[in-house]
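Visitor: Provided below: my_file.txt, containing compact mmCIF, C-alpha atoms.
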```txt
# COMPACT_ATOMS: atom_id res chain seq x y z
CA MET A 1413 261.24 -8.70 -2.16
CA ASP A 1414 259.30 -10.84 0.23
CA THR A 1415 261.37 -11.92 3.18
CA LYS A 1416 260.24 -14.48 5.69
CA LYS A 1417 259.35 -13.09 9.08
CA LYS A 1418 261.88 -13.95 11.74
CA VAL A 1419 261.10 -14.79 15.32
CA ARG A 1420 260.55 -12.38 18.19
CA GLY A 1421 260.65 -8.97 16.61
CA ALA A 1422 264.02 -9.58 15.00
CA ASP A 1423 262.33 -8.67 11.74
CA MET A 1424 262.03 -5.08 12.86
CA GLU A 1425 264.51 -2.68 11.43
CA ASN A 1426 265.48 -0.69 14.50
CA THR A 1427 266.15 -3.51 16.91
CA ASN A 1428 269.24 -4.95 18.47
CA GLU A 1429 269.66 -7.74 20.97
CA MET A 1430 272.27 -8.97 23.41
CA ILE A 1431 272.23 -11.96 25.75
CA ILE A 1432 274.77 -12.84 28.42
CA GLU A 1433 274.91 -15.59 30.98
CA PHE A 1434 277.28 -15.70 33.92
CA ASP A 1435 277.83 -17.28 37.35
CA SER A 1436 275.91 -15.83 40.27
CA ARG A 1437 279.08 -14.58 41.97
CA SER A 1438 279.02 -11.13 43.50
CA CYS A 1439 282.27 -10.25 41.69
CA ASN A 1440 280.28 -10.39 38.42
CA GLU A 1441 277.85 -7.63 39.48
CA SER A 1442 280.07 -4.82 38.29
CA PHE A 1443 280.87 -6.51 34.96
CA ALA A 1444 277.20 -7.24 34.27
CA ARG A 1445 275.84 -3.73 34.90
CA VAL A 1446 278.68 -2.15 32.94
CA THR A 1447 278.00 -4.52 30.01
CA VAL A 1448 274.31 -3.56 29.91
CA ALA A 1449 275.20 0.13 30.13
CA ALA A 1450 277.77 -0.28 27.34
CA PHE A 1451 275.21 -2.00 25.12
CA CYS A 1452 272.83 0.88 25.74
CA THR A 1453 275.35 3.54 24.63
CA GLN A 1454 274.19 3.10 21.01
CA LEU A 1455 271.03 4.97 22.04
CA ASN A 1456 273.25 7.89 23.01
CA PRO A 1457 271.97 8.15 26.59
CA THR A 1458 272.91 10.84 29.06
CA LEU A 1459 275.31 9.95 31.85
CA GLU A 1460 272.36 10.02 34.24
CA GLU A 1461 270.32 7.60 32.13
CA MET A 1462 273.33 5.26 32.01
CA THR A 1463 273.72 5.38 35.78
CA ASP A 1464 269.97 4.79 36.21
CA ILE A 1465 270.22 1.61 34.12
CA LYS A 1466 273.37 0.50 35.97
CA THR A 1467 271.69 0.96 39.35
CA ALA A 1468 268.52 -0.89 38.34
CA VAL A 1469 270.47 -3.80 36.80
CA SER A 1470 272.71 -3.96 39.86
CA GLU A 1471 269.64 -4.25 42.11
CA ALA A 1472 268.11 -7.08 40.08
CA ILE A 1473 271.39 -9.03 39.93
CA THR A 1474 271.98 -8.59 43.65
CA ASN A 1475 268.46 -9.95 44.23
CA ALA A 1476 269.18 -13.00 42.07
CA ILE A 1477 272.43 -13.70 43.93
CA VAL A 1478 271.25 -13.00 47.48
CA HIS A 1479 267.62 -14.12 47.35
CA GLY A 1480 267.16 -16.22 44.19
CA TYR A 1481 270.14 -18.49 44.61
CA GLU A 1482 270.87 -17.61 48.27
CA GLY A 1483 274.64 -17.60 47.70
CA GLU A 1484 274.77 -20.82 45.65
CA ILE A 1485 276.53 -20.58 42.30
CA HIS A 1486 274.22 -20.99 39.33
CA LYS A 1487 273.63 -19.04 36.13
CA ILE A 1488 272.10 -15.60 35.78
CA ARG A 1489 270.94 -14.59 32.32
CA ILE A 1490 270.55 -11.05 31.05
CA GLU A 1491 268.60 -10.32 27.90
CA CYS A 1492 268.84 -6.86 26.44
CA ARG A 1493 266.74 -5.55 23.63
CA ILE A 1494 266.70 -2.20 21.96
CA ARG A 1495 263.71 -1.11 19.97
CA ASP A 1496 263.82 2.39 18.52
CA ASN A 1497 264.69 4.57 21.51
CA GLU A 1498 263.57 2.09 24.15
CA MET A 1499 265.79 -0.28 26.02
CA GLU A 1500 264.40 -3.44 27.57
CA VAL A 1501 266.44 -5.56 29.93
CA GLY A 1502 265.52 -8.85 31.56
CA ILE A 1503 267.39 -10.39 34.49
CA ILE A 1504 266.53 -14.06 34.74
CA ASP A 1505 267.42 -16.60 37.41
CA ARG A 1506 266.27 -20.15 38.04
CA GLY A 1507 266.39 -19.78 41.80
CA ARG A 1508 263.80 -20.24 44.53
CA GLY A 1509 261.41 -17.61 43.23
CA ILE A 1510 259.24 -15.15 45.12
CA GLU A 1511 256.14 -16.18 47.04
CA ASN A 1512 254.48 -12.79 47.19
CA VAL A 1513 255.74 -10.46 44.48
CA LYS A 1514 253.58 -7.53 45.59
CA LYS A 1515 254.92 -7.73 49.13
CA ALA A 1516 258.52 -8.17 47.91
CA MET A 1517 258.22 -4.97 45.90
CA GLU A 1518 257.14 -2.86 48.87
CA PRO A 1519 259.85 -0.38 49.90
CA LEU A 1520 261.81 -1.49 52.99
CA PHE A 1521 260.43 -5.03 52.86
CA THR A 1522 263.19 -7.60 53.09
CA THR A 1523 263.41 -11.25 54.07
CA LYS A 1524 267.05 -10.86 55.09
CA PRO A 1525 267.33 -7.86 57.45
CA GLU A 1526 270.12 -9.63 59.37
CA GLN A 1527 272.30 -9.46 56.25
CA ASP A 1528 272.00 -5.67 56.08
CA ARG A 1529 269.63 -5.80 53.15
CA SER A 1530 267.88 -2.44 52.93
CA GLY A 1531 264.71 -3.63 51.21
CA MET A 1532 265.07 -0.85 48.64
CA GLY A 1533 266.01 -2.99 45.63
CA PHE A 1534 262.69 -3.00 43.77
CA ALA A 1535 261.98 0.58 44.86
CA PHE A 1536 265.21 1.69 43.18
CA MET A 1537 264.41 -0.30 40.03
CA GLU A 1538 261.03 1.42 39.84
CA ALA A 1539 262.52 4.83 40.57
CA PHE A 1540 265.17 4.62 37.87
CA MET A 1541 263.36 2.72 35.11
CA ASP A 1542 260.10 3.55 33.29
CA GLU A 1543 258.55 0.12 33.68
CA VAL A 1544 259.29 -2.85 35.93
CA THR A 1545 257.57 -6.23 35.64
CA VAL A 1546 258.32 -9.17 37.88
CA ASP A 1547 257.41 -12.69 36.87
CA SER A 1548 258.06 -15.20 39.63
CA ALA A 1549 256.68 -18.18 41.50
CA PRO A 1550 258.17 -20.37 44.26
CA GLY A 1551 260.56 -22.90 42.72
CA GLN A 1552 260.16 -21.35 39.28
CA GLY A 1553 262.88 -18.70 39.42
CA THR A 1554 262.43 -14.99 38.83
CA GLN A 1555 262.35 -12.81 35.75
CA VAL A 1556 262.63 -9.05 36.18
CA TRP A 1557 261.87 -7.11 33.02
CA MET A 1558 262.58 -3.41 32.91
CA LYS A 1559 262.09 -0.80 30.24
CA LYS A 1560 263.63 2.60 29.86
CA ARG A 1561 263.06 5.12 27.14
CA ILE A 1562 266.18 7.05 26.23
CA SER A 1563 265.32 10.68 25.61
CA ASN A 1564 268.00 11.37 23.02
CA LYS A 1565 266.85 10.11 19.65
CA ASN A 1566 270.21 10.53 18.01
CA THR A 1567 270.83 6.80 17.59
CA LEU A 1568 273.34 4.99 15.45
CA PHE A 1569 270.52 3.74 13.25
CA GLU A 1570 269.67 7.15 11.89
CA MET B 1272 290.65 3.11 57.26
CA LEU B 1273 292.08 5.68 59.57
CA LYS B 1274 291.29 6.09 63.24
CA LYS B 1275 291.48 9.48 64.89
CA GLY B 1276 290.58 9.29 68.56
CA ASN B 1277 287.12 7.72 68.66
CA CYS B 1278 286.45 8.56 65.03
CA LEU B 1279 286.91 5.99 62.27
CA MET B 1280 287.40 7.34 58.75
CA VAL B 1281 286.46 4.88 56.00
CA ALA B 1282 287.48 5.50 52.38
CA VAL B 1283 284.62 4.11 50.27
CA PRO B 1284 285.75 2.54 46.96
CA GLY B 1285 284.71 3.78 43.50
CA GLU B 1286 281.70 1.48 43.31
CA LEU B 1287 279.73 0.51 46.39
CA ASP B 1288 277.58 -2.54 45.63
CA HIS B 1289 276.80 -5.90 47.23
CA HIS B 1290 280.28 -7.17 46.33
CA THR B 1291 282.28 -4.24 47.72
CA ALA B 1292 279.99 -3.49 50.68
CA GLU B 1293 280.69 -6.85 52.34
CA PRO B 1294 284.44 -6.37 53.09
CA ILE B 1295 283.77 -2.83 54.33
CA ARG B 1296 281.04 -4.08 56.62
CA ARG B 1297 283.33 -6.77 58.06
CA ALA B 1298 286.25 -4.39 58.55
CA VAL B 1299 284.15 -1.67 60.21
CA ASP B 1300 282.34 -4.14 62.47
CA LYS B 1301 285.67 -5.58 63.61
CA ARG B 1302 286.78 -2.11 64.69
CA LEU B 1303 283.44 -1.51 66.41
CA GLU B 1304 283.80 -4.75 68.37
CA GLU B 1305 287.17 -3.57 69.66
CA GLY B 1306 285.34 -0.64 71.22
CA VAL B 1307 286.67 2.93 71.37
CA VAL B 1308 285.10 3.92 68.03
CA ARG B 1309 282.03 6.11 68.48
CA ASN B 1310 281.77 7.90 65.16
CA VAL B 1311 282.19 6.33 61.76
CA VAL B 1312 282.76 8.69 58.83
CA PHE B 1313 282.36 7.28 55.33
CA ASP B 1314 284.28 9.29 52.76
CA PHE B 1315 282.60 9.06 49.35
CA ARG B 1316 285.04 11.33 47.46
CA ASN B 1317 286.04 8.54 45.05
CA THR B 1318 282.62 6.92 44.75
CA THR B 1319 280.69 7.21 41.50
CA PHE B 1320 278.27 4.32 41.93
CA MET B 1321 276.16 3.08 44.81
CA ASP B 1322 273.07 0.86 45.01
CA SER B 1323 270.79 -0.34 47.79
CA SER B 1324 273.50 -2.65 49.14
CA GLY B 1325 275.42 0.49 50.09
CA ILE B 1326 272.32 1.85 51.79
CA GLY B 1327 271.98 -1.43 53.70
CA MET B 1328 275.59 -1.26 54.80
CA LEU B 1329 275.23 2.35 56.05
CA MET B 1330 271.91 1.59 57.75
CA GLY B 1331 273.35 -1.49 59.49
CA ARG B 1332 276.30 0.52 60.85
CA TYR B 1333 273.90 3.24 62.00
CA ARG B 1334 271.86 0.66 63.94
CA LEU B 1335 274.97 -0.74 65.64
CA LEU B 1336 276.33 2.67 66.57
CA ARG B 1337 273.01 4.00 67.79
CA TYR B 1338 273.12 1.52 70.68
CA MET B 1339 276.59 2.77 71.61
CA GLY B 1340 275.53 6.38 71.39
CA GLY B 1341 277.62 6.89 68.27
CA THR B 1342 276.99 8.41 64.87
CA VAL B 1343 277.45 7.64 61.19
CA THR B 1344 278.42 10.39 58.76
CA ALA B 1345 278.71 10.37 54.98
CA ILE B 1346 281.01 13.03 53.52
CA HIS B 1347 281.96 14.23 50.04
CA VAL B 1348 278.67 12.86 48.74
CA SER B 1349 277.97 13.54 45.05
CA ASP B 1350 274.54 14.71 43.81
CA ARG B 1351 273.76 11.26 42.44
CA LEU B 1352 274.61 9.53 45.71
CA LEU B 1353 272.65 12.14 47.65
CA ARG B 1354 269.59 11.36 45.52
CA ILE B 1355 269.93 7.65 46.28
CA MET B 1356 270.32 8.37 49.99
CA GLN B 1357 267.25 10.62 49.96
CA LEU B 1358 265.20 8.06 48.03
CA SER B 1359 265.96 5.46 50.67
CA GLY B 1360 265.23 7.82 53.57
CA ILE B 1361 268.63 7.22 55.20
CA HIS B 1362 269.29 10.98 55.23
CA LYS B 1363 266.96 11.18 58.22
CA PHE B 1364 269.30 9.00 60.28
CA ILE B 1365 272.82 9.90 59.28
CA GLU B 1366 274.56 13.19 58.68
CA ILE B 1367 275.31 13.79 55.01
CA SER B 1368 277.81 16.39 53.90
CA GLN B 1369 278.49 17.63 50.38
CA GLU B 1370 281.07 20.17 51.51
CA THR B 1371 284.50 19.88 49.90
CA VAL B 1372 286.15 20.43 53.25
CA TRP B 1373 284.33 18.62 55.98
CA THR B 1374 284.91 19.48 59.62
CA GLN B 1375 283.44 17.41 62.38
CA LYS B 1376 280.81 19.19 64.37
CA ARG B 1377 281.54 19.27 68.10
CA LYS B 1378 278.74 18.03 70.24
```
Just give me the structure of the file as structure tokens.

Guide:
Amino acid sequence: MDTKKKVRGADMENTNEMIIEFDSRSCNESFARVTVAAFCTQLNPTLEEMTDIKTAVSEAITNAIVHGYEGEIHKIRIECRIRDNEMEVGIIDRGRGIENVKKAMEPLFTTKPEQDRSGMGFAFMEAFMDEVTVDSAPGQGTQVWMKKRISNKNTLFE
Amino acid sequence: MLKKGNCLMVAVPGELDHHTAEPIRRAVDKRLEEGVVRNVVFDFRNTTFMDSSGIGMLMGRYRLLRYMGGTVTAIHVSDRLLRIMQLSGIHKFIEISQETVWTQKRK
């Protein structure tokens, strides 16, 4: 039977998607990273892979709250996609954006040293995920897209 | 938080992120302002999660104490937390102990 192709890869058999949006309050950091990790459990990840994802997501959300919105309360959006044994997560804010993405991603670089920011956020994301892409411009907000392949192929879809 | 002589023991919560690091930072800094405290010991026995905000908090306390001739120590650090501390390079500045029973070294 000929079925019409749906938008954005939703036509693929082994995909799953989850989107959440929440206030940029620091008390939501824990809930958000746990939600992403819970969504990822269907790929049967190891505890270490789960913690890697939690850490990376936590870094991106902290960035959105501290730098993107600078403490103001707006919405942060997380888009999660699973394709086969790969997990893709996007953390999206509509904050002030980043002027120099390359510089921002350098380890130990921070614009807020007085607030005890370590400047290790992006370095941790890159250390714990397989792929990190940052799409940002001043006034345009920031999108951080990260991919991680989960080694265990014993998924629910099998 | 427990003070023994000039040593301040801080029980770190289960998850140390931007949200939970802030109150710890404020509480520790208040004690530092009062003086007397020279060594701050962070006890990670209950901590299963830490991100770069935790590193920032430790590094900031290290900077403050360095000027007073004090030290920062992290004890009961799990393998995962140790890896994060090593990735950030903070292990070069603070003493990290994985021993189950930690005893303060006399200087």

Visitor: If we count all atoms listed in the file and set the cut-off at 12 Å, which residues sit around His1289 in chain B, ignoring sequence neighbours fewer than 2 positions away in its own chain? Please answer as an MDAnalysis selection string.

Guide: (chainID A and resid 1437:1442 1467 1470:1478 1483 1527:1530 1533) or (chainID B and resid 1286:1287 1291:1296 1320:1328)

Visitor: Tell me which of B:Leu1273, B:Val1343, B:Leu1303, B:Met1330 sits closest to chain A, counting all atoms listed in the file.

Guide: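 Using all atoms listed in the file, the shortest distance to chain A belongs to B:Met1330.
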
Visitor: CA of Val1299 in chain B and CA of Cys1278 in chain B are how many Å apart?

Guide: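 Between CA of Val1299 in chain B and CA of Cys1278 in chain B the gap is 11.5 Å.
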
Visitor: In Å to one decimal, how far is CA of Ala1449 in chain A from CA of Gly1553 in chain A?

Guide: 24.3 Å

Visitor: Work out how far apart CA of Asn1456 in chain A and CA of Phe1540 in chain A are and give it in Å to one decimal.

Guide: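 So the two atoms, CA of Asn1456 in chain A and CA of Phe1540 in chain A, lie 17.2 Å apart.
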
Visitor: Select, from A:Val1513, A:Ile1431, A:Cys1452, A:Ile1465, the residue with the minimum atom-to-atom distance to chain B, counting only C-alpha atoms.

Guide: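 Nearest candidate to chain B out of A:Val1513, A:Ile1431, A:Cys1452, A:Ile1465: A:Ile1465.
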
Visitor: Which polymer residues have any atom within 12 Å of an atom of Leu1353 in chain B, counting only C-alpha atoms, with same-chain residues fewer than 2 positions away left out, as an MDAnalysis selection string?

Guide: chainID B and resid 1315 1318:1322 1326 1345:1351 1355:1362 1365:1369

Visitor: At a cut-off of 9 Å, using all atoms listed in the file, what residues contact Thr1453 in chain A? Leave out same-chain residues fewer than 4 positions from it and give the result as a list in words.

Guide: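 In the requested form, the answer reads Val1448, Ala1449, Pro1457, Thr1458, Met1462 and Thr1567 of chain A.
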
Visitor: Quick one: chain B from the block, C-alpha atoms, as an mmCIF file, in the first residue's frame.

Guide:
```
data_model
loop_
_atom_site.group_PDB
_atom_site.id
_atom_site.type_symbol
_atom_site.label_atom_id
_atom_site.label_comp_id
_atom_site.auth_asym_id
_atom_site.auth_seq_id
_atom_site.Cartn_x
_atom_site.Cartn_y
_atom_site.Cartn_z
ATOM 1 C CA MET B 1272 27.633 22.018 57.332
ATOM 2 C CA LEU B 1273 29.793 21.179 60.262
ATOM 3 C CA LYS B 1274 32.693 23.212 61.570
ATOM 4 C CA LYS B 1275 35.593 21.539 63.327
ATOM 5 C CA GLY B 1276 38.204 24.056 64.399
ATOM 6 C CA ASN B 1277 39.187 25.893 61.227
ATOM 7 C CA CYS B 1278 37.821 23.150 59.004
ATOM 8 C CA LEU B 1279 34.381 23.408 57.409
ATOM 9 C CA MET B 1280 32.752 20.146 56.327
ATOM 10 C CA VAL B 1281 30.125 20.546 53.598
ATOM 11 C CA ALA B 1282 27.735 17.706 52.744
ATOM 12 C CA VAL B 1283 27.150 17.977 48.986
ATOM 13 C CA PRO B 1284 23.607 17.011 47.883
ATOM 14 C CA GLY B 1285 22.770 14.125 45.533
ATOM 15 C CA GLU B 1286 22.900 16.285 42.423
ATOM 16 C CA LEU B 1287 25.268 19.227 42.136
ATOM 17 C CA ASP B 1288 24.164 21.488 39.285
ATOM 18 C CA HIS B 1289 23.585 25.200 38.700
ATOM 19 C CA HIS B 1290 20.444 25.089 40.851
ATOM 20 C CA THR B 1291 21.943 23.317 43.871
ATOM 21 C CA ALA B 1292 25.415 24.895 43.641
ATOM 22 C CA GLU B 1293 24.091 28.406 44.324
ATOM 23 C CA PRO B 1294 22.832 27.883 47.920
ATOM 24 C CA ILE B 1295 26.026 25.979 48.790
ATOM 25 C CA ARG B 1296 28.146 28.788 47.408
ATOM 26 C CA ARG B 1297 26.235 31.387 49.444
ATOM 27 C CA ALA B 1298 26.373 29.352 52.647
ATOM 28 C CA VAL B 1299 30.094 28.575 52.361
ATOM 29 C CA ASP B 1300 31.001 32.159 51.452
ATOM 30 C CA LYS B 1301 29.078 33.438 54.480
ATOM 31 C CA ARG B 1302 31.184 31.203 56.725
ATOM 32 C CA LEU B 1303 34.363 32.318 54.954
ATOM 33 C CA GLU B 1304 33.475 35.975 55.537
ATOM 34 C CA GLU B 1305 33.164 35.298 59.253
ATOM 35 C CA GLY B 1306 36.806 34.247 59.184
ATOM 36 C CA VAL B 1307 38.279 31.339 61.163
ATOM 37 C CA VAL B 1308 37.648 28.800 58.374
ATOM 38 C CA ARG B 1309 40.842 27.866 56.546
ATOM 39 C CA ASN B 1310 39.994 24.504 55.033
ATOM 40 C CA VAL B 1311 36.773 23.594 53.298
ATOM 41 C CA VAL B 1312 36.061 19.893 52.818
ATOM 42 C CA PHE B 1313 33.301 18.940 50.385
ATOM 43 C CA ASP B 1314 31.882 15.506 51.123
ATOM 44 C CA PHE B 1315 30.557 13.893 47.933
ATOM 45 C CA ARG B 1316 29.441 10.583 49.511
ATOM 46 C CA ASN B 1317 25.792 11.139 48.491
ATOM 47 C CA THR B 1318 26.486 12.768 45.133
ATOM 48 C CA THR B 1319 25.689 10.883 41.940
ATOM 49 C CA PHE B 1320 25.547 13.797 39.504
ATOM 50 C CA MET B 1321 27.709 16.846 38.937
ATOM 51 C CA ASP B 1322 28.169 19.191 35.980
ATOM 52 C CA SER B 1323 30.382 22.179 35.226
ATOM 53 C CA SER B 1324 28.418 24.358 37.651
ATOM 54 C CA GLY B 1325 29.814 22.175 40.432
ATOM 55 C CA ILE B 1326 33.301 22.651 39.023
ATOM 56 C CA GLY B 1327 32.723 26.416 38.976
ATOM 57 C CA MET B 1328 31.582 26.366 42.583
ATOM 58 C CA LEU B 1329 34.650 24.369 43.720
ATOM 59 C CA MET B 1330 37.008 26.521 41.660
ATOM 60 C CA GLY B 1331 35.508 29.742 43.058
ATOM 61 C CA ARG B 1332 35.948 28.523 46.646
ATOM 62 C CA TYR B 1333 39.520 27.490 45.840
ATOM 63 C CA ARG B 1334 40.277 31.007 44.554
ATOM 64 C CA LEU B 1335 38.850 32.622 47.697
ATOM 65 C CA LEU B 1336 40.688 30.303 50.065
ATOM 66 C CA ARG B 1337 43.978 30.544 48.221
ATOM 67 C CA TYR B 1338 44.237 34.213 49.231
ATOM 68 C CA MET B 1339 43.696 33.243 52.865
ATOM 69 C CA GLY B 1340 46.237 30.460 52.673
ATOM 70 C CA GLY B 1341 43.517 27.841 52.941
ATOM 71 C CA THR B 1342 42.658 24.698 51.021
ATOM 72 C CA VAL B 1343 39.715 22.994 49.362
ATOM 73 C CA THR B 1344 39.321 19.223 49.548
ATOM 74 C CA ALA B 1345 36.834 16.904 47.862
ATOM 75 C CA ILE B 1346 36.282 13.580 49.626
ATOM 76 C CA HIS B 1347 34.350 10.383 48.908
ATOM 77 C CA VAL B 1348 34.500 11.197 45.203
ATOM 78 C CA SER B 1349 33.015 8.540 42.896
ATOM 79 C CA ASP B 1350 34.762 7.437 39.681
ATOM 80 C CA ARG B 1351 32.323 9.422 37.561
ATOM 81 C CA LEU B 1352 32.858 12.616 39.547
ATOM 82 C CA LEU B 1353 36.611 12.068 39.487
ATOM 83 C CA ARG B 1354 36.484 11.879 35.682
ATOM 84 C CA ILE B 1355 34.596 15.178 35.523
ATOM 85 C CA MET B 1356 37.079 16.800 37.903
ATOM 86 C CA GLN B 1357 40.009 15.529 35.833
ATOM 87 C CA LEU B 1358 38.418 16.679 32.573
ATOM 88 C CA SER B 1359 38.106 20.187 33.975
ATOM 89 C CA GLY B 1360 41.645 20.216 35.368
ATOM 90 C CA ILE B 1361 40.490 21.124 38.887
ATOM 91 C CA HIS B 1362 42.362 18.103 40.298
ATOM 92 C CA LYS B 1363 45.544 20.140 39.925
ATOM 93 C CA PHE B 1364 44.289 22.702 42.430
ATOM 94 C CA ILE B 1365 42.326 20.827 45.044
ATOM 95 C CA GLU B 1366 42.964 17.619 46.925
ATOM 96 C CA ILE B 1367 40.666 14.808 45.810
ATOM 97 C CA SER B 1368 40.182 11.709 47.911
ATOM 98 C CA GLN B 1369 38.393 8.502 46.956
ATOM 99 C CA GLU B 1370 39.195 6.786 50.241
ATOM 100 C CA THR B 1371 36.229 5.483 52.210
ATOM 101 C CA VAL B 1372 37.714 6.819 55.412
ATOM 102 C CA TRP B 1373 39.292 10.179 54.885
ATOM 103 C CA THR B 1374 41.717 11.610 57.406
ATOM 104 C CA GLN B 1375 42.973 15.132 57.129
ATOM 105 C CA LYS B 1376 46.639 15.380 56.353
ATOM 106 C CA ARG B 1377 48.578 17.456 58.876
ATOM 107 C CA LYS B 1378 50.646 20.175 57.357
#
```
